[in-house]
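Have a look at the structure below before the remarks.
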Amino acid sequence: MGSIFKNRFYVAILLVLGTLCLGIMGFRYLALYTWIDAVYMTIITISTVGFGEVQPLNDTAKLFTVVLILVSVVVLGYAISIITEYILRRSNVELLKKRRVQKKIESLKNHVIVVGYGRNGKQAVQKLTTYKRPFVVIERDEEIVNKFQSEDMPFILGNANEDEVLIEAGVKRASTLISALPDDSDNLFVVLSARQMNTAMKIISRASEETTYQKLKFAGADNVIMPDKIGGDHMASLVVVPDLVEFLDNLQVTTAGRVNVQEITYEAVCPDHVTRTIRDIDLRNRTGCSIIGYKSPLGDYVINPEASMLLEKDSKLIVIGRPEQIENLHKEFAI
């Protein structure tokens with residue numbers, strides 16, 4: 001439907017240009033006007049402003065002028081209606097798009113707020129999309145918002161340092177906030193504001209300087225990530241243990257963007273809340289996935305847990321498998 005309107009818009013423009021060319025050529029060769037006078041007469045005739053002729057017209061030129069006036073009235077009337085409809089329709093489409101996005105944001109619960117859509121923010125969004133986690137992005141660059149805004153990728157245009165913008169993003173309903181702004185002072189302010197509004201929310205912040213690390217933790221950040229430090233460590237690891245690092249790089253998400261590492265909660269494997277061992281849930285035979293880690297309710301991690309380990313309430317299992325096995329896991333335990 002949009003392409004039809006666009007085609008009609010171009011047709012209207014071509015008709016107007018064609019009428020202008022017709023008038024100029026007619027006055028130039030039928031009335032024997034100069035090119036400047038022909039352009040002038042064409043404009044005042046088509047626009048019906050009522051000025052007089054540059055010089056008297058002969059009978060042929062008069063008949064041509066009558067035809068030009070009738071043609072221009074029809075063409076300009078059509079062009080104005082099409083152009084007006086096209087402009088209004090585009091405005092309405094943009095307005096409806098913004099309303100749909102806003103309605104989706106208002107309906108979000110336990111979602112993730114990503115502050116900043118730079119390099120780190122974009123990577124966070126890609127991972128959240130892969131794991132099908134609901135999110136909303138706060139970005140102050142209007143050009144970026146207009147380019148990437150969609151129902152699947154909702155944006156809020158504004159500065160996250162302002163409380164109203166965080167509230168609009170649903171900070172009081174969110175489960176996690178990721179502050180990925182390039183400036184440490186901006187991240188610090190966002191963390192302070194978000195922690196005051198939602199004391200239960202998990203907050204993850206980016207930091208560039210080591211001196212900011214403790215400040216962000218004190219402000220309320222649960223985790224502080226330093227991309228530059230991680231990058232240097234990663235490059236050194238590629239020298240020391242290259243094969244291991246390459247394996248880990250490909251561990252969480254495959255090249256096709258499909259998950260091959262997943263965490264699963266106690267409630268998913270023990271929906272009746274009856275305590276079971278890892279052997280009892282028989283996850284390997286049921287899904288093909290293998291359990292590589294266990295997180296206790298207190299936050300302690302056990303690597304490669306024994307089959308006899310009892311699963312406790314509020315604990316989690318970390319499993320690994322090929323993408324199709326992870327899909328089996330999702331179906332089997334309704335994740």
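For the structure tokens, the naming scheme is as follows: chains receive sequential letters (A, B, ...) according to their order of presentation, residues are indexed from 1 within each chain, and ligands are indexed from 1 in presentation order.
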Practice problem: From the DSSP assignment of the backbone, select every residue of region 23-151 of chain A that is alpha helix (DSSP H), and format the answer as a PyMOL selection string. | Solution: chain A and resi 23-29+35-46+59-107+119-130+142-148
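Residues with any atom within 9 Å of region 222-226 of chain A, counting only C-alpha atoms and excluding same-chain neighbours fewer than 4 positions away, are Lys202, Ile203, Ile204, Ser205, Arg206, Ala207, Ser208, Glu209, Glu210, Tyr213, Gln214, Leu216, Lys217, Ile230 and Gly231 of chain A.
Residue neighbourhood of Phe189 (chain A), excluding near-sequence residues (fewer than 4 positions): Val115, Asn159, Ala160, Asn161, Glu162, Asp163, Leu166, Ser179, Leu181, Asp183, Asp184, Ser185, Ser193, Ala194, Arg195, Gln196, Ser205, Thr212, Lys215, Leu216, Phe218, Ala219, Gly220 and Ala221 of chain A, at 12 Å, using only C-alpha atoms.
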Output file for the selection above: N, CA and C atoms, as a CSV table (one decimal), in the first residue's frame:
chain,number,residue,atom,x,y,z
A,115,VAL,N,20.9,1.4,28.8
A,115,VAL,CA,21.1,2.8,28.6
A,115,VAL,C,22.3,3.1,27.7
A,159,ASN,N,17.6,11.6,27.9
A,159,ASN,CA,18.8,11.5,28.7
A,159,ASN,C,18.5,10.7,29.9
A,160,ALA,N,19.1,9.6,30.1
A,160,ALA,CA,18.8,8.7,31.3
A,160,ALA,C,19.2,9.3,32.6
A,161,ASN,N,19.9,10.4,32.6
A,161,ASN,CA,20.2,11.1,33.8
A,161,ASN,C,19.0,11.8,34.4
A,162,GLU,N,17.9,11.9,33.6
A,162,GLU,CA,16.7,12.5,34.0
A,162,GLU,C,15.7,11.4,34.5
A,163,ASP,N,15.2,11.7,35.7
A,163,ASP,CA,14.3,10.7,36.4
A,163,ASP,C,13.1,10.3,35.5
A,166,LEU,N,13.8,7.6,33.0
A,166,LEU,CA,13.9,6.3,33.6
A,166,LEU,C,12.5,5.8,33.9
A,179,SER,N,23.8,0.0,32.3
A,179,SER,CA,24.3,1.4,31.9
A,179,SER,C,25.6,1.3,31.1
A,181,LEU,N,26.9,3.7,29.0
A,181,LEU,CA,27.3,5.0,28.5
A,181,LEU,C,28.8,5.1,28.4
A,183,ASP,N,30.7,7.7,29.2
A,183,ASP,CA,31.3,8.5,30.2
A,183,ASP,C,31.0,7.9,31.6
A,184,ASP,N,32.0,7.8,32.4
A,184,ASP,CA,31.9,7.2,33.7
A,184,ASP,C,31.0,8.0,34.6
A,185,SER,N,31.1,9.3,34.6
A,185,SER,CA,30.2,10.2,35.4
A,185,SER,C,28.8,10.0,35.1
A,193,SER,N,20.5,7.2,40.4
A,193,SER,CA,19.1,7.4,40.2
A,193,SER,C,18.3,6.1,40.2
A,194,ALA,N,18.8,5.2,39.4
A,194,ALA,CA,18.0,3.9,39.2
A,194,ALA,C,17.9,3.1,40.6
A,195,ARG,N,19.0,3.2,41.3
A,195,ARG,CA,19.0,2.4,42.6
A,195,ARG,C,18.0,3.0,43.6
A,196,GLN,N,17.9,4.3,43.6
A,196,GLN,CA,16.9,5.0,44.5
A,196,GLN,C,15.5,4.6,44.1
A,205,SER,N,26.9,-1.9,35.3
A,205,SER,CA,27.4,-0.7,34.7
A,205,SER,C,28.7,-0.9,34.0
A,212,THR,N,36.9,4.5,39.0
A,212,THR,CA,35.4,4.6,39.1
A,212,THR,C,34.7,3.3,39.6
A,215,LYS,N,33.4,3.5,43.1
A,215,LYS,CA,32.3,4.5,43.2
A,215,LYS,C,31.0,3.9,42.7
A,216,LEU,N,31.1,3.2,41.5
A,216,LEU,CA,29.9,2.6,41.0
A,216,LEU,C,29.3,1.6,41.9
A,218,PHE,N,29.6,1.5,45.1
A,218,PHE,CA,29.1,2.2,46.3
A,218,PHE,C,27.8,2.8,45.9
A,219,ALA,N,27.6,3.3,44.6
A,219,ALA,CA,26.4,3.9,44.2
A,219,ALA,C,25.2,2.9,44.1
A,220,GLY,N,25.6,1.6,44.0
A,220,GLY,CA,24.5,0.7,43.9
A,220,GLY,C,24.6,-0.3,42.8
A,221,ALA,N,25.7,-0.3,42.0
A,221,ALA,CA,25.8,-1.3,40.9
A,221,ALA,C,26.2,-2.6,41.4
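Atom pair CA of Val11 (chain A) / CA of Ala79 (chain A) has a distance of 8.4 Å (rounded to one decimal).
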Quiz prompt | strand (DSSP E or B) positions in region 46-265 of chain A, given as a PyMOL selection string | solution = chain A and resi 112-115+135-139+155-157+176-179+202-206+223-225+253+259+261-265
Include N, CA and C atoms and write out the residues we just selected as a PDB file, in the first residue's frame.
ATOM      1  N   VAL A 112      14.568  -5.593  30.814  1.00  0.00           N
ATOM      2  CA  VAL A 112      15.919  -5.049  30.952  1.00  0.00           C
ATOM      3  C   VAL A 112      15.952  -3.664  30.308  1.00  0.00           C
ATOM      4  N   ILE A 113      16.511  -2.698  31.008  1.00  0.00           N
ATOM      5  CA  ILE A 113      16.703  -1.358  30.463  1.00  0.00           C
ATOM      6  C   ILE A 113      18.171  -1.210  30.065  1.00  0.00           C
ATOM      7  N   VAL A 114      18.408  -0.922  28.802  1.00  0.00           N
ATOM      8  CA  VAL A 114      19.767  -0.704  28.301  1.00  0.00           C
ATOM      9  C   VAL A 114      19.936   0.793  28.064  1.00  0.00           C
ATOM     10  N   VAL A 115      20.871   1.401  28.773  1.00  0.00           N
ATOM     11  CA  VAL A 115      21.110   2.840  28.649  1.00  0.00           C
ATOM     12  C   VAL A 115      22.302   3.055  27.722  1.00  0.00           C
ATOM     13  N   PHE A 135      13.308  -6.013  26.510  1.00  0.00           N
ATOM     14  CA  PHE A 135      14.185  -4.893  26.855  1.00  0.00           C
ATOM     15  C   PHE A 135      13.662  -3.601  26.243  1.00  0.00           C
ATOM     16  N   VAL A 136      14.185  -2.493  26.745  1.00  0.00           N
ATOM     17  CA  VAL A 136      13.942  -1.182  26.160  1.00  0.00           C
ATOM     18  C   VAL A 136      15.259  -0.418  26.226  1.00  0.00           C
ATOM     19  N   VAL A 137      15.543   0.364  25.183  1.00  0.00           N
ATOM     20  CA  VAL A 137      16.802   1.096  25.095  1.00  0.00           C
ATOM     21  C   VAL A 137      16.538   2.588  25.299  1.00  0.00           C
ATOM     22  N   ILE A 138      17.353   3.214  26.141  1.00  0.00           N
ATOM     23  CA  ILE A 138      17.317   4.674  26.303  1.00  0.00           C
ATOM     24  C   ILE A 138      18.491   5.257  25.546  1.00  0.00           C
ATOM     25  N   GLU A 139      18.204   6.151  24.613  1.00  0.00           N
ATOM     26  CA  GLU A 139      19.245   6.741  23.775  1.00  0.00           C
ATOM     27  C   GLU A 139      18.928   8.217  23.543  1.00  0.00           C
ATOM     28  N   PHE A 155      12.756   1.977  21.629  1.00  0.00           N
ATOM     29  CA  PHE A 155      13.669   3.000  22.115  1.00  0.00           C
ATOM     30  C   PHE A 155      12.893   4.089  22.841  1.00  0.00           C
ATOM     31  N   ILE A 156      13.564   4.740  23.766  1.00  0.00           N
ATOM     32  CA  ILE A 156      13.059   5.960  24.375  1.00  0.00           C
ATOM     33  C   ILE A 156      14.093   7.038  24.121  1.00  0.00           C
ATOM     34  N   LEU A 157      13.664   8.130  23.482  1.00  0.00           N
ATOM     35  CA  LEU A 157      14.565   9.230  23.186  1.00  0.00           C
ATOM     36  C   LEU A 157      14.665  10.133  24.413  1.00  0.00           C
ATOM     37  N   THR A 176      16.364  -5.569  35.525  1.00  0.00           N
ATOM     38  CA  THR A 176      17.789  -5.281  35.354  1.00  0.00           C
ATOM     39  C   THR A 176      17.975  -3.973  34.595  1.00  0.00           C
ATOM     40  N   LEU A 177      19.032  -3.256  34.922  1.00  0.00           N
ATOM     41  CA  LEU A 177      19.426  -2.069  34.161  1.00  0.00           C
ATOM     42  C   LEU A 177      20.893  -2.208  33.777  1.00  0.00           C
ATOM     43  N   ILE A 178      21.172  -2.003  32.494  1.00  0.00           N
ATOM     44  CA  ILE A 178      22.541  -2.028  31.989  1.00  0.00           C
ATOM     45  C   ILE A 178      22.902  -0.613  31.555  1.00  0.00           C
ATOM     46  N   SER A 179      23.842   0.009  32.257  1.00  0.00           N
ATOM     47  CA  SER A 179      24.272   1.360  31.899  1.00  0.00           C
ATOM     48  C   SER A 179      25.553   1.266  31.087  1.00  0.00           C
ATOM     49  N   LYS A 202      18.561  -5.436  39.583  1.00  0.00           N
ATOM     50  CA  LYS A 202      19.978  -5.696  39.359  1.00  0.00           C
ATOM     51  C   LYS A 202      20.526  -4.625  38.424  1.00  0.00           C
ATOM     52  N   ILE A 203      21.650  -4.030  38.784  1.00  0.00           N
ATOM     53  CA  ILE A 203      22.241  -2.961  37.985  1.00  0.00           C
ATOM     54  C   ILE A 203      23.650  -3.363  37.554  1.00  0.00           C
ATOM     55  N   ILE A 204      23.889  -3.287  36.255  1.00  0.00           N
ATOM     56  CA  ILE A 204      25.192  -3.593  35.677  1.00  0.00           C
ATOM     57  C   ILE A 204      25.675  -2.337  34.968  1.00  0.00           C
ATOM     58  N   SER A 205      26.891  -1.909  35.261  1.00  0.00           N
ATOM     59  CA  SER A 205      27.393  -0.662  34.685  1.00  0.00           C
ATOM     60  C   SER A 205      28.741  -0.867  34.007  1.00  0.00           C
ATOM     61  N   ARG A 206      28.945  -0.084  32.985  1.00  0.00           N
ATOM     62  CA  ARG A 206      30.236  -0.033  32.296  1.00  0.00           C
ATOM     63  C   ARG A 206      31.127   0.987  32.997  1.00  0.00           C
ATOM     64  N   ASN A 223      27.179  -5.181  39.441  1.00  0.00           N
ATOM     65  CA  ASN A 223      28.360  -5.597  38.671  1.00  0.00           C
ATOM     66  C   ASN A 223      28.895  -4.395  37.904  1.00  0.00           C
ATOM     67  N   VAL A 224      30.208  -4.286  37.844  1.00  0.00           N
ATOM     68  CA  VAL A 224      30.855  -3.226  37.075  1.00  0.00           C
ATOM     69  C   VAL A 224      31.799  -3.887  36.072  1.00  0.00           C
ATOM     70  N   ILE A 225      31.592  -3.598  34.809  1.00  0.00           N
ATOM     71  CA  ILE A 225      32.367  -4.218  33.733  1.00  0.00           C
ATOM     72  C   ILE A 225      33.301  -3.174  33.132  1.00  0.00           C
ATOM     73  N   VAL A 253      27.046 -18.407  22.180  1.00  0.00           N
ATOM     74  CA  VAL A 253      26.176 -18.223  21.020  1.00  0.00           C
ATOM     75  C   VAL A 253      26.904 -18.707  19.781  1.00  0.00           C
ATOM     76  N   VAL A 259      21.524 -20.177  20.805  1.00  0.00           N
ATOM     77  CA  VAL A 259      22.106 -20.381  22.130  1.00  0.00           C
ATOM     78  C   VAL A 259      22.616 -21.809  22.302  1.00  0.00           C
ATOM     79  N   VAL A 261      24.444 -22.368  25.540  1.00  0.00           N
ATOM     80  CA  VAL A 261      24.620 -22.414  26.992  1.00  0.00           C
ATOM     81  C   VAL A 261      23.376 -21.797  27.611  1.00  0.00           C
ATOM     82  N   GLN A 262      22.847 -22.445  28.645  1.00  0.00           N
ATOM     83  CA  GLN A 262      21.588 -21.980  29.232  1.00  0.00           C
ATOM     84  C   GLN A 262      21.602 -22.220  30.730  1.00  0.00           C
ATOM     85  N   GLU A 263      20.954 -21.341  31.486  1.00  0.00           N
ATOM     86  CA  GLU A 263      20.751 -21.584  32.915  1.00  0.00           C
ATOM     87  C   GLU A 263      19.294 -21.988  33.128  1.00  0.00           C
ATOM     88  N   ILE A 264      19.065 -22.880  34.060  1.00  0.00           N
ATOM     89  CA  ILE A 264      17.721 -23.381  34.311  1.00  0.00           C
ATOM     90  C   ILE A 264      17.468 -23.351  35.818  1.00  0.00           C
ATOM     91  N   THR A 265      16.323 -22.859  36.202  1.00  0.00           N
ATOM     92  CA  THR A 265      16.026 -22.656  37.622  1.00  0.00           C
ATOM     93  C   THR A 265      15.518 -23.936  38.290  1.00  0.00           C
TER      94      THR A 265
END
Kindly provide the residues of region 63-157 of chain A that approach region 39-48 of chain A to within 12 Å, each paired with its closest atom pair and their distance in Å to one decimal, based on only C-alpha atoms, listed by chain and increasing number, as a Markdown table.
| residue | atom | partner | partner_atom | distance |
| --- | --- | --- | --- | --- |
| A:Phe64 | CA | A:Thr45 | CA | 11.1 |
| A:Thr65 | CA | A:Thr45 | CA | 7.6 |
| A:Val66 | CA | A:Thr45 | CA | 9.4 |
| A:Val67 | CA | A:Thr45 | CA | 10.7 |
| A:Leu68 | CA | A:Ile46 | CA | 7.4 |
| A:Ile69 | CA | A:Ile46 | CA | 6.1 |
| A:Leu70 | CA | A:Ile46 | CA | 9.0 |
| A:Val71 | CA | A:Ile46 | CA | 8.8 |
| A:Ser72 | CA | A:Ile46 | CA | 5.6 |
| A:Val73 | CA | A:Ile46 | CA | 7.4 |
| A:Val74 | CA | A:Ile46 | CA | 10.4 |
| A:Val75 | CA | A:Ile46 | CA | 9.7 |
| A:Leu76 | CA | A:Ile46 | CA | 8.4 |
| A:Gly77 | CA | A:Ile46 | CA | 11.2 |
Go ahead and save the residues from that selection, with N, CA and C atoms, as a short mmCIF file (atom, residue, chain, number, x, y, z; two decimals), in the first residue's frame.
data_model
loop_
_atom_site.label_atom_id
_atom_site.label_comp_id
_atom_site.auth_asym_id
_atom_site.auth_seq_id
_atom_site.Cartn_x
_atom_site.Cartn_y
_atom_site.Cartn_z
N PHE A 64 -3.95 28.48 -26.87
CA PHE A 64 -3.01 27.66 -26.07
C PHE A 64 -3.11 28.02 -24.59
N THR A 65 -3.23 29.33 -24.28
CA THR A 65 -3.30 29.77 -22.88
C THR A 65 -4.56 29.22 -22.21
N VAL A 66 -5.67 29.21 -22.95
CA VAL A 66 -6.92 28.65 -22.39
C VAL A 66 -6.74 27.17 -22.05
N VAL A 67 -6.14 26.44 -23.00
CA VAL A 67 -5.90 25.00 -22.76
C VAL A 67 -4.96 24.81 -21.57
N LEU A 68 -3.91 25.64 -21.50
CA LEU A 68 -2.93 25.52 -20.41
C LEU A 68 -3.58 25.77 -19.06
N ILE A 69 -4.47 26.77 -18.99
CA ILE A 69 -5.15 27.07 -17.73
C ILE A 69 -6.02 25.88 -17.29
N LEU A 70 -6.79 25.31 -18.22
CA LEU A 70 -7.65 24.18 -17.88
C LEU A 70 -6.83 22.97 -17.43
N VAL A 71 -5.76 22.69 -18.18
CA VAL A 71 -4.91 21.55 -17.84
C VAL A 71 -4.24 21.76 -16.48
N SER A 72 -3.73 22.97 -16.23
CA SER A 72 -3.02 23.24 -14.99
C SER A 72 -3.94 23.17 -13.78
N VAL A 73 -5.21 23.60 -13.94
CA VAL A 73 -6.16 23.51 -12.83
C VAL A 73 -6.36 22.06 -12.41
N VAL A 74 -6.53 21.18 -13.42
CA VAL A 74 -6.73 19.76 -13.14
C VAL A 74 -5.46 19.15 -12.54
N VAL A 75 -4.32 19.42 -13.15
CA VAL A 75 -3.05 18.83 -12.70
C VAL A 75 -2.68 19.31 -11.31
N LEU A 76 -2.77 20.61 -11.07
CA LEU A 76 -2.41 21.14 -9.75
C LEU A 76 -3.37 20.66 -8.67
N GLY A 77 -4.66 20.56 -9.02
CA GLY A 77 -5.63 20.04 -8.05
C GLY A 77 -5.30 18.61 -7.65
#
Practice problem: Write out as a list in words the residues lying within 7 Å of Ala38 (chain A), counting only C-alpha atoms and excluding same-chain residues fewer than 5 positions away. | Solution: Ile24, Phe27, Arg28 and Tyr33 of chain A
Quiz prompt | Of the listed residues A:Ile335, A:Leu30, A:Leu57, A:Met201, that which approaches Lys109 (chain A) most closely, counting only C-alpha atoms | solution = A:Met201
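Excluding Ala200 (chain A) itself and any same-chain residue fewer than 6 positions from it, the protein and nucleic acid residues within 10 Å of it, counting only C-alpha atoms, are A:Lys172, A:Arg173, A:Ala174, A:Ser175, A:Thr176.
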Quiz item: Which is closest to Pro182 (chain A) among A:Ser150, A:Glu164, A:Pro134, A:Asn120, if we use only C-alpha atoms?
Solution: A:Asn120
Exercise. Determine, counting only C-alpha atoms, which protein, DNA and RNA residues have an atom within 12 Å of an atom of Pro56 (chain A); residues of the same chain fewer than 2 positions away are not included. Present the result as a ChimeraX atom specification.
Key: /A:27,31-33,41,52-54,58-62
Quiz prompt | Interatomic distance, CA of Glu168 (chain A) to CA of Ser107 (chain A) (Å, one decimal) | solution = 11.4 Å
Quiz item: Using only C-alpha atoms, which of the listed residues (A:Leu298, A:Ile82, A:Leu311, A:Ala268) sits closest to Asp280 (chain A)?
Solution: A:Leu311
